[in-house]
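Asker: I am sharing model17.cif, which consists of mmCIF, C-alpha atoms:
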data_coords
#
loop_
_atom_site.label_atom_id
_atom_site.label_comp_id
_atom_site.auth_asym_id
_atom_site.auth_seq_id
_atom_site.Cartn_x
_atom_site.Cartn_y
_atom_site.Cartn_z
CA MET A 1140 111.34 -76.05 91.90
CA THR A 1141 107.83 -74.76 91.36
CA ILE A 1142 105.02 -74.46 93.84
CA GLN A 1143 101.57 -75.31 92.52
CA ARG A 1144 98.84 -73.31 94.26
CA ARG A 1145 95.97 -75.79 94.22
CA LYS A 1146 94.12 -76.90 97.30
CA ILE A 1147 92.59 -80.20 98.20
CA LYS A 1148 92.25 -81.03 101.87
CA LEU A 1149 91.08 -84.07 103.77
CA ALA A 1150 91.10 -83.67 107.53
CA THR A 1151 90.61 -86.17 110.30
CA ILE A 1152 91.39 -85.09 113.81
CA GLY A 1153 92.53 -88.19 115.60
CA ALA A 1154 89.44 -88.72 114.51
CA ALA A 1155 87.51 -85.57 114.94
CA CYS A 1156 87.54 -83.66 111.69
CA ALA A 1157 87.24 -80.24 110.29
CA ILE A 1158 83.86 -79.53 108.85
CA THR A 1159 82.01 -76.40 107.97
CA LEU A 1160 79.26 -75.73 105.59
CA THR A 1161 78.93 -71.96 105.59
CA MET A 1162 76.34 -71.97 102.84
CA HIS A 1163 72.60 -72.18 102.52
CA ALA A 1164 70.79 -75.53 102.34
CA GLY A 1165 70.32 -75.41 98.57
CA MET A 1166 74.05 -75.02 97.96
CA ALA A 1167 74.85 -77.78 100.45
CA GLN A 1168 72.40 -80.14 98.74
CA ALA A 1169 73.89 -79.33 95.34
CA GLN A 1170 77.40 -80.03 96.58
CA THR A 1171 76.26 -83.34 98.08
CA GLU A 1172 74.68 -84.37 94.79
CA ASP A 1173 77.69 -83.26 92.73
CA HIS A 1174 80.15 -85.21 94.89
CA ALA A 1175 78.08 -88.19 96.01
CA GLU A 1176 80.92 -90.70 95.59
CA ILE A 1177 83.31 -88.58 97.64
CA LEU A 1178 80.70 -88.13 100.37
CA ALA A 1179 80.15 -91.89 100.48
CA ALA A 1180 83.89 -92.46 100.88
CA LEU A 1181 84.00 -89.78 103.56
CA ARG A 1182 81.23 -91.46 105.51
CA THR A 1183 83.06 -94.78 105.26
CA LEU A 1184 86.17 -93.12 106.65
CA GLN A 1185 84.22 -91.49 109.46
CA ALA A 1186 82.51 -94.76 110.40
CA ALA A 1187 85.92 -96.40 110.82
CA ALA A 1188 87.74 -93.48 112.44
CA GLY A 1189 84.97 -91.49 114.22
CA PRO A 1190 83.62 -89.16 115.41
CA GLY A 1191 83.90 -86.90 112.36
CA ALA A 1192 85.54 -86.43 108.99
CA ALA A 1193 85.57 -83.73 106.33
CA VAL A 1194 87.05 -82.84 102.97
CA HIS A 1195 87.55 -79.42 101.42
CA ALA A 1196 88.64 -78.84 97.83
CA ASP A 1197 89.60 -75.69 95.97
CA ALA A 1198 90.85 -76.22 92.44
CA ASP A 1199 90.19 -74.75 89.01
CA GLY A 1200 87.78 -72.18 90.42
CA GLU A 1201 85.66 -74.74 92.26
CA ASP A 1202 85.40 -74.54 96.06
CA TRP A 1203 83.44 -77.11 98.04
CA THR A 1204 83.29 -78.80 101.43
CA LEU A 1205 81.72 -82.07 102.56
CA SER A 1206 81.43 -83.46 106.07
CA ALA A 1207 80.30 -86.49 108.02
CA GLY A 1208 79.80 -87.00 111.73
CA THR A 1209 80.60 -84.45 114.40
CA GLY A 1210 83.65 -82.67 115.74
CA THR A 1211 82.64 -83.22 119.36
CA THR A 1212 81.65 -86.58 120.83
CA GLY A 1213 78.14 -86.71 122.23
CA ALA A 1214 76.98 -83.70 120.22
CA ASP A 1215 75.91 -82.78 116.71
CA ARG A 1216 78.41 -79.97 116.26
CA PRO A 1217 79.83 -79.15 112.86
CA ILE A 1218 83.31 -77.69 113.16
CA GLN A 1219 83.55 -74.19 111.78
CA ARG A 1220 85.92 -73.37 108.94
CA ASP A 1221 87.79 -70.77 111.02
CA GLU A 1222 88.80 -73.29 113.70
CA HIS A 1223 92.44 -74.34 114.01
CA PHE A 1224 93.48 -77.97 114.26
CA LEU A 1225 96.62 -80.10 114.41
CA VAL A 1226 97.56 -81.39 110.98
CA GLY A 1227 99.28 -84.47 112.38
CA SER A 1228 101.31 -86.47 109.91
CA GLN A 1229 100.54 -84.07 107.08
CA THR A 1230 103.65 -82.43 108.56
CA LYS A 1231 105.60 -85.12 106.72
CA SER A 1232 104.57 -83.55 103.41
CA PHE A 1233 106.05 -80.23 104.54
CA THR A 1234 109.26 -81.97 105.66
CA ALA A 1235 109.55 -83.93 102.42
CA THR A 1236 109.15 -80.70 100.44
CA VAL A 1237 112.04 -79.10 102.32
CA VAL A 1238 114.18 -82.21 101.81
CA LEU A 1239 113.55 -82.20 98.04
CA GLN A 1240 114.29 -78.49 97.85
CA LEU A 1241 117.66 -79.12 99.51
CA VAL A 1242 118.32 -81.96 97.08
CA ASP A 1243 117.61 -79.58 94.17
CA GLU A 1244 120.06 -77.14 95.73
CA GLY A 1245 122.77 -79.81 95.80
CA LYS A 1246 122.98 -79.97 99.60
CA PHE A 1247 122.69 -83.75 99.61
CA ASP A 1248 121.66 -86.64 97.34
CA LEU A 1249 118.62 -88.89 97.59
CA ASN A 1250 120.67 -92.03 96.98
CA THR A 1251 123.39 -91.29 99.52
CA PRO A 1252 123.35 -93.26 102.80
CA ILE A 1253 122.14 -91.30 105.82
CA GLU A 1254 125.37 -92.27 107.61
CA THR A 1255 127.17 -89.79 105.34
CA TYR A 1256 125.20 -86.87 106.76
CA LEU A 1257 124.34 -88.04 110.28
CA PRO A 1258 127.18 -90.37 111.26
CA GLY A 1259 126.45 -92.77 114.08
CA LEU A 1260 122.75 -91.95 114.32
CA VAL A 1261 121.26 -95.00 112.58
CA THR A 1262 123.15 -97.97 113.93
CA GLY A 1263 122.74 -101.01 116.17
CA ASN A 1264 119.98 -103.60 116.62
CA GLY A 1265 120.35 -104.70 113.00
CA TYR A 1266 120.24 -101.18 111.53
CA ASP A 1267 123.03 -99.95 109.28
CA GLY A 1268 123.04 -96.29 108.27
CA THR A 1269 125.44 -97.06 105.42
CA ARG A 1270 122.65 -99.03 103.70
CA ILE A 1271 119.70 -96.70 104.38
CA THR A 1272 119.50 -93.78 101.97
CA VAL A 1273 117.69 -90.47 102.14
CA ARG A 1274 115.28 -91.84 99.53
CA HIS A 1275 114.51 -94.86 101.72
CA LEU A 1276 113.59 -92.56 104.60
CA LEU A 1277 111.35 -90.39 102.42
CA GLN A 1278 109.53 -93.38 100.97
CA HIS A 1279 109.25 -95.39 104.23
CA THR A 1280 111.31 -98.19 102.68
CA SER A 1281 114.16 -97.98 105.18
CA GLY A 1282 113.07 -101.09 107.06
CA ILE A 1283 112.80 -99.08 110.29
CA ALA A 1284 109.95 -100.32 112.45
CA ALA A 1285 106.86 -98.23 113.21
CA PHE A 1286 107.09 -96.16 116.37
CA THR A 1287 105.12 -93.23 117.79
CA PRO A 1288 106.43 -91.67 121.03
CA GLY A 1289 104.10 -90.47 123.74
CA VAL A 1290 100.91 -92.23 122.68
CA PRO A 1291 98.72 -93.72 125.42
CA SER A 1292 100.04 -97.06 126.73
CA GLY A 1293 103.12 -96.76 124.51
CA PRO A 1294 106.82 -96.35 125.30
CA THR A 1295 107.84 -92.80 126.12
CA PRO A 1296 111.33 -91.26 125.92
CA PRO A 1297 112.57 -89.00 128.73
CA ARG A 1298 110.92 -85.57 128.63
CA ASN A 1299 112.65 -82.21 128.70
CA SER A 1300 111.67 -79.69 131.38
CA ASP A 1301 109.05 -78.20 129.04
CA GLY A 1302 107.48 -81.62 128.42
CA SER A 1303 108.99 -82.13 124.97
CA PHE A 1304 111.24 -84.94 123.77
CA ASN A 1305 114.83 -84.81 122.58
CA PRO A 1306 114.69 -86.04 118.96
CA HIS A 1307 117.84 -88.12 119.34
CA ASP A 1308 116.20 -89.97 122.24
CA VAL A 1309 113.14 -90.59 120.09
CA VAL A 1310 115.26 -91.97 117.25
CA ARG A 1311 117.19 -94.22 119.61
CA MET A 1312 113.97 -95.58 121.10
CA GLY A 1313 112.53 -96.10 117.64
CA LEU A 1314 115.60 -98.08 116.60
CA GLU A 1315 115.19 -100.36 119.62
CA ARG A 1316 112.42 -102.04 117.66
CA ASP A 1317 113.77 -104.71 115.33
CA PRO A 1318 113.98 -103.95 111.59
CA VAL A 1319 110.98 -105.10 109.60
CA SER A 1320 112.95 -105.63 106.37
CA VAL A 1321 116.19 -104.84 104.65
CA PRO A 1322 116.26 -101.34 103.12
CA GLY A 1323 114.43 -100.88 99.83
CA VAL A 1324 112.37 -104.07 99.96
CA SER A 1325 109.01 -103.06 101.41
CA ILE A 1326 107.06 -100.09 102.75
CA THR A 1327 106.54 -99.68 106.50
CA TYR A 1328 105.15 -96.37 107.71
CA SER A 1329 107.38 -95.16 110.53
CA ASN A 1330 107.55 -91.77 112.23
CA THR A 1331 111.21 -92.46 112.95
CA ASN A 1332 112.01 -92.03 109.25
CA TYR A 1333 110.84 -88.44 109.33
CA MET A 1334 112.35 -87.74 112.72
CA ILE A 1335 115.69 -88.59 111.10
CA LEU A 1336 114.90 -86.42 108.07
CA GLY A 1337 114.11 -83.51 110.40
CA LEU A 1338 117.53 -83.92 112.00
CA LEU A 1339 119.05 -84.05 108.50
CA VAL A 1340 117.39 -80.75 107.57
CA GLU A 1341 118.74 -79.16 110.75
CA ALA A 1342 122.25 -80.49 110.15
CA VAL A 1343 122.34 -79.19 106.58
CA THR A 1344 120.67 -75.81 107.11
CA GLY A 1345 122.02 -75.04 110.57
CA SER A 1346 118.53 -73.95 111.63
CA PRO A 1347 115.65 -75.64 113.48
CA VAL A 1348 113.47 -77.64 111.14
CA ARG A 1349 110.49 -75.47 112.07
CA GLU A 1350 112.34 -72.46 110.64
CA ALA A 1351 113.11 -74.34 107.44
CA VAL A 1352 109.46 -75.35 107.05
CA ARG A 1353 108.31 -71.81 107.78
CA SER A 1354 110.68 -70.02 105.41
CA ARG A 1355 110.62 -72.58 102.60
CA VAL A 1356 106.99 -73.77 102.58
CA ILE A 1357 104.57 -71.92 104.85
CA GLU A 1358 105.53 -68.35 103.96
CA PRO A 1359 106.08 -68.84 100.19
CA LEU A 1360 102.65 -70.48 99.90
CA GLY A 1361 100.97 -67.73 101.89
CA LEU A 1362 99.66 -70.08 104.58
CA THR A 1363 98.84 -67.26 106.97
CA ARG A 1364 96.95 -69.48 109.40
CA THR A 1365 99.50 -72.28 109.53
CA PHE A 1366 102.52 -72.31 111.83
CA PHE A 1367 105.14 -74.52 113.42
CA PRO A 1368 105.43 -73.57 117.13
CA ALA A 1369 108.63 -72.85 119.01
CA PRO A 1370 109.91 -75.36 121.60
CA GLY A 1371 107.69 -75.51 124.67
CA ASP A 1372 104.77 -73.77 122.97
CA ARG A 1373 101.68 -75.96 123.40
CA THR A 1374 99.11 -73.33 122.47
CA VAL A 1375 96.70 -73.64 119.58
CA PRO A 1376 94.97 -70.41 118.53
CA GLN A 1377 91.29 -69.96 119.25
CA PRO A 1378 88.94 -71.04 117.89
CA LYS A 1379 90.30 -74.58 117.81
CA ILE A 1380 89.33 -78.21 117.46
CA ILE A 1381 90.42 -80.76 120.05
CA GLY A 1382 91.47 -84.11 118.61
CA TYR A 1383 90.77 -87.55 120.01
CA HIS A 1384 92.63 -90.77 120.62
CA GLY A 1385 90.75 -93.95 119.90
CA GLY A 1386 88.51 -95.39 117.24
CA ALA A 1387 84.91 -95.73 116.20
CA ASP A 1388 84.38 -98.92 118.22
CA ARG A 1389 84.22 -97.43 121.71
CA ARG A 1390 83.86 -100.90 123.24
CA VAL A 1391 87.42 -101.63 122.19
CA LEU A 1392 89.16 -98.26 122.52
CA PRO A 1393 87.20 -95.38 124.03
CA LEU A 1394 87.55 -91.96 122.44
CA VAL A 1395 89.45 -89.70 124.82
CA PRO A 1396 90.15 -86.00 124.10
CA ARG A 1397 93.81 -85.21 123.71
CA ARG A 1398 95.17 -83.23 126.61
CA ASP A 1399 96.25 -79.64 126.15
CA PRO A 1400 95.45 -80.59 123.27
CA ARG A 1401 98.38 -82.85 122.34
CA PRO A 1402 100.72 -85.02 124.39
CA VAL A 1403 103.87 -84.11 122.46
CA PRO A 1404 104.94 -80.57 121.51
CA VAL A 1405 105.32 -80.69 117.76
CA GLN A 1406 108.58 -78.85 117.56
CA GLN A 1407 110.40 -81.66 119.32
CA ARG A 1408 108.97 -84.24 116.98
CA ARG A 1409 110.96 -82.59 114.23
CA GLY A 1410 109.85 -83.70 110.78
CA ASP A 1411 107.12 -86.15 111.72
CA GLY A 1412 105.00 -84.14 114.12
CA VAL A 1413 102.04 -81.81 113.95
CA HIS A 1414 101.43 -78.09 113.77
CA PRO A 1415 98.27 -76.01 114.04
CA ALA A 1416 96.54 -74.75 110.95
CA GLY A 1417 93.27 -73.37 109.69
CA ARG A 1418 91.06 -75.93 107.96
CA ASP A 1419 90.97 -74.06 104.68
CA ASP A 1420 94.71 -73.32 104.83
CA VAL A 1421 96.36 -76.77 104.71
CA PRO A 1422 97.83 -78.05 102.56
CA ARG A 1423 97.37 -75.16 100.18
CA GLY A 1424 99.94 -76.19 97.64
CA ALA A 1425 101.87 -79.17 96.40
CA ALA A 1426 105.59 -79.05 95.78
CA ARG A 1427 106.58 -80.46 92.43
CA ARG A 1428 110.02 -81.47 91.23
#
What is this structure when it is put down as C-alpha cells?
Answerer:
Amino acid sequence: MTIQRRKIKLATIGAACAITLTMHAGMAQAQTEDHAEILAALRTLQAAAGPGAAVHADADGEDWTLSAGTGTTGADRPIQRDEHFLVGSQTKSFTATVVLQLVDEGKFDLNTPIETYLPGLVTGNGYDGTRITVRHLLQHTSGIAAFTPGVPSGPTPPRNSDGSFNPHDVVRMGLERDPVSVPGVSITYSNTNYMILGLLVEAVTGSPVREAVRSRVIEPLGLTRTFFPAPGDRTVPQPKIIGYHGGADRRVLPLVPRRDPRPVPVQQRRGDGVHPAGRDDVPRGAARR
C-alpha cells in the first residue's frame, strides 16, 4: 500500500467551518478570481449548512484557501488556520484506510460476511450477519438503517461513567431500526456500519481502534496536529473552533453550540466518530490500494 501525500480539505463544522486567509488582500483577490467556481460552490454549501464553510487545497505546489460565512454565529469572525476542530465523519476515511491495510495484510477479506469475524453482533430485527460483508459495511450498502447516537432529540444508549457510550450498545440500538434494503442493493449512509468496522479492527489487531488509526495513518502521514483521544478525554487543544447543531434556516432548527464541545467522546464511537485536528492538517493524504 502506498500513501499519497497530497492535500485537499473541505471543512464544515456542524456547520461552522475552518477558514483563514493569512495573506494580503491582493493575494486573496487573486485566489478568489482563480477559483471562482469553487468559491461559488462553497457559498452554496454555506447557505444551506451555515454559519460558515471553507476549503483548503495543497497539491502540485499550489496552496490556497477559500471561505464563506463566519465561524461564530452573530459575528464576522474568520476562523484562524491554527485552530483545532472536530473532523466528524471524515474519521470514516481513516477507519476505511486501516481496514484496507488489514485486507492487504491478509487479516480478513472484503467479501467475507461480518459474522465470520464478529459472530453474533449483527443479528435480529431482519439483519443477518452471514449476508453482510466487510465490503458492504465500507460502502454503506449493508442495508443497515441510518443512526447517530447522542444527537439532540434522538435516541441515546446508556452512558459509561465518563459520559461515553459502549460501542456494542450503540450497534444494538442502531440495529433496532428496520433494514432499509437487502445487502448490496442500495446505498444508505449509516454510522452503524463504521461502528461495526471499528469493532472489527479492534478484534483483528487486539488494540483500540484509536491506536490503529494513530499508528497506521496519523503518524505515517506526519499529521502532527491530528489525534484520536483516549477514552474519557473530551478536551480539544486551544485554539479551537466550536461546532454547531442545526441548519441555516434558524426558524426551523436553531443553531446551538455543541457542548464541551461535543456530546459524544469520539473514542467510544469507534470508527465513525470524530477527532480533533488542525485545519491545514486533515486529511493530508489519501490511501491508495
Asker: Which polymer residues, protein or nucleic acid, are no farther than 9 Å from (108.4, -98.5, 103.0), counting only C-alpha atoms, as a list in words?
Answerer: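 Looking at atoms near the point gives His1275, Leu1276, Leu1277, Gln1278, His1279, Thr1280, Ser1281, Gly1282, Ile1283, Pro1322, Gly1323, Val1324, Ser1325, Ile1326, Thr1327, Tyr1328 and Ser1329 of chain A.
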Asker: Report as a PyMOL selection string all protein, DNA and RNA residues lying within 12 Å of Arg1355 of chain A, evaluated on only C-alpha atoms, omitting residues in the same chain fewer than 4 positions from it.
Answerer: chain A and resi 1140-1142+1233-1241+1340+1344+1348-1351+1359-1362+1426
Asker: Output C-alpha atoms for every residue in that selection, as a PDB file, in the frame of the given file.
Answerer:
ATOM      1  CA  MET A1140     111.340 -76.050  91.900  1.00  0.00           C
ATOM      2  CA  THR A1141     107.830 -74.760  91.360  1.00  0.00           C
ATOM      3  CA  ILE A1142     105.020 -74.460  93.840  1.00  0.00           C
ATOM      4  CA  PHE A1233     106.050 -80.230 104.540  1.00  0.00           C
ATOM      5  CA  THR A1234     109.260 -81.970 105.660  1.00  0.00           C
ATOM      6  CA  ALA A1235     109.550 -83.930 102.420  1.00  0.00           C
ATOM      7  CA  THR A1236     109.150 -80.700 100.440  1.00  0.00           C
ATOM      8  CA  VAL A1237     112.040 -79.100 102.320  1.00  0.00           C
ATOM      9  CA  VAL A1238     114.180 -82.210 101.810  1.00  0.00           C
ATOM     10  CA  LEU A1239     113.550 -82.200  98.040  1.00  0.00           C
ATOM     11  CA  GLN A1240     114.290 -78.490  97.850  1.00  0.00           C
ATOM     12  CA  LEU A1241     117.660 -79.120  99.510  1.00  0.00           C
ATOM     13  CA  VAL A1340     117.390 -80.750 107.570  1.00  0.00           C
ATOM     14  CA  THR A1344     120.670 -75.810 107.110  1.00  0.00           C
ATOM     15  CA  VAL A1348     113.470 -77.640 111.140  1.00  0.00           C
ATOM     16  CA  ARG A1349     110.490 -75.470 112.070  1.00  0.00           C
ATOM     17  CA  GLU A1350     112.340 -72.460 110.640  1.00  0.00           C
ATOM     18  CA  ALA A1351     113.110 -74.340 107.440  1.00  0.00           C
ATOM     19  CA  PRO A1359     106.080 -68.840 100.190  1.00  0.00           C
ATOM     20  CA  LEU A1360     102.650 -70.480  99.900  1.00  0.00           C
ATOM     21  CA  GLY A1361     100.970 -67.730 101.890  1.00  0.00           C
ATOM     22  CA  LEU A1362      99.660 -70.080 104.580  1.00  0.00           C
ATOM     23  CA  ALA A1426     105.590 -79.050  95.780  1.00  0.00           C
TER      24      ALA A1426
END
Asker: For Arg1220 of chain A, which residue among A:Ile1177, A:Leu1314, A:Val1242, A:Ala1193 is the nearest when counting only C-alpha atoms?
Answerer: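 Counting only C-alpha atoms, the residue closest to Arg1220 of chain A is A:Ala1193.
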Asker: Using all atoms listed in the file, which residue out of A:Ala1186, A:Asn1332, A:Phe1224, A:Val1319 lies closest to Ala1207 of chain A?
Answerer: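 Looking at the shortest contact to Ala1207 of chain A, the residue is A:Ala1186.
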Asker: In Å, rounded to a single decimal, give me how far atom CA of Gln1185 of chain A is from atom CA of Glu1222 of chain A.
Answerer: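 Calculated distance between atom CA of Glu1222 of chain A and atom CA of Gln1185 of chain A is 19.2 Å.
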Asker: Kindly give the distance, in Å, that separates atom CA of Asn1299 of chain A and atom CA of Gly1313 of chain A, rounded to a single decimal.
Answerer: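 One can read the atom CA of Asn1299 of chain A to atom CA of Gly1313 of chain A distance as 17.8 Å.
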Asker: Identify, on the basis of only C-alpha atoms, every residue whose closest approach to Leu1338 of chain A does not exceed 10 Å; exclude the query and any residue fewer than 4 positions from it along the same chain; express the result as a VMD selection string.
Answerer: chain A and resid 1256 to 1257 1260 1306 to 1307 1310 1333 to 1334 1342 to 1344 1347 to 1348 1408 to 1410
Asker: Find the distance between atom CA of Val1375 of chain A and atom CA of Leu1225 of chain A and write it in Å to one decimal.
Answerer: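 Between these atoms lies a distance of 8.3 Å.
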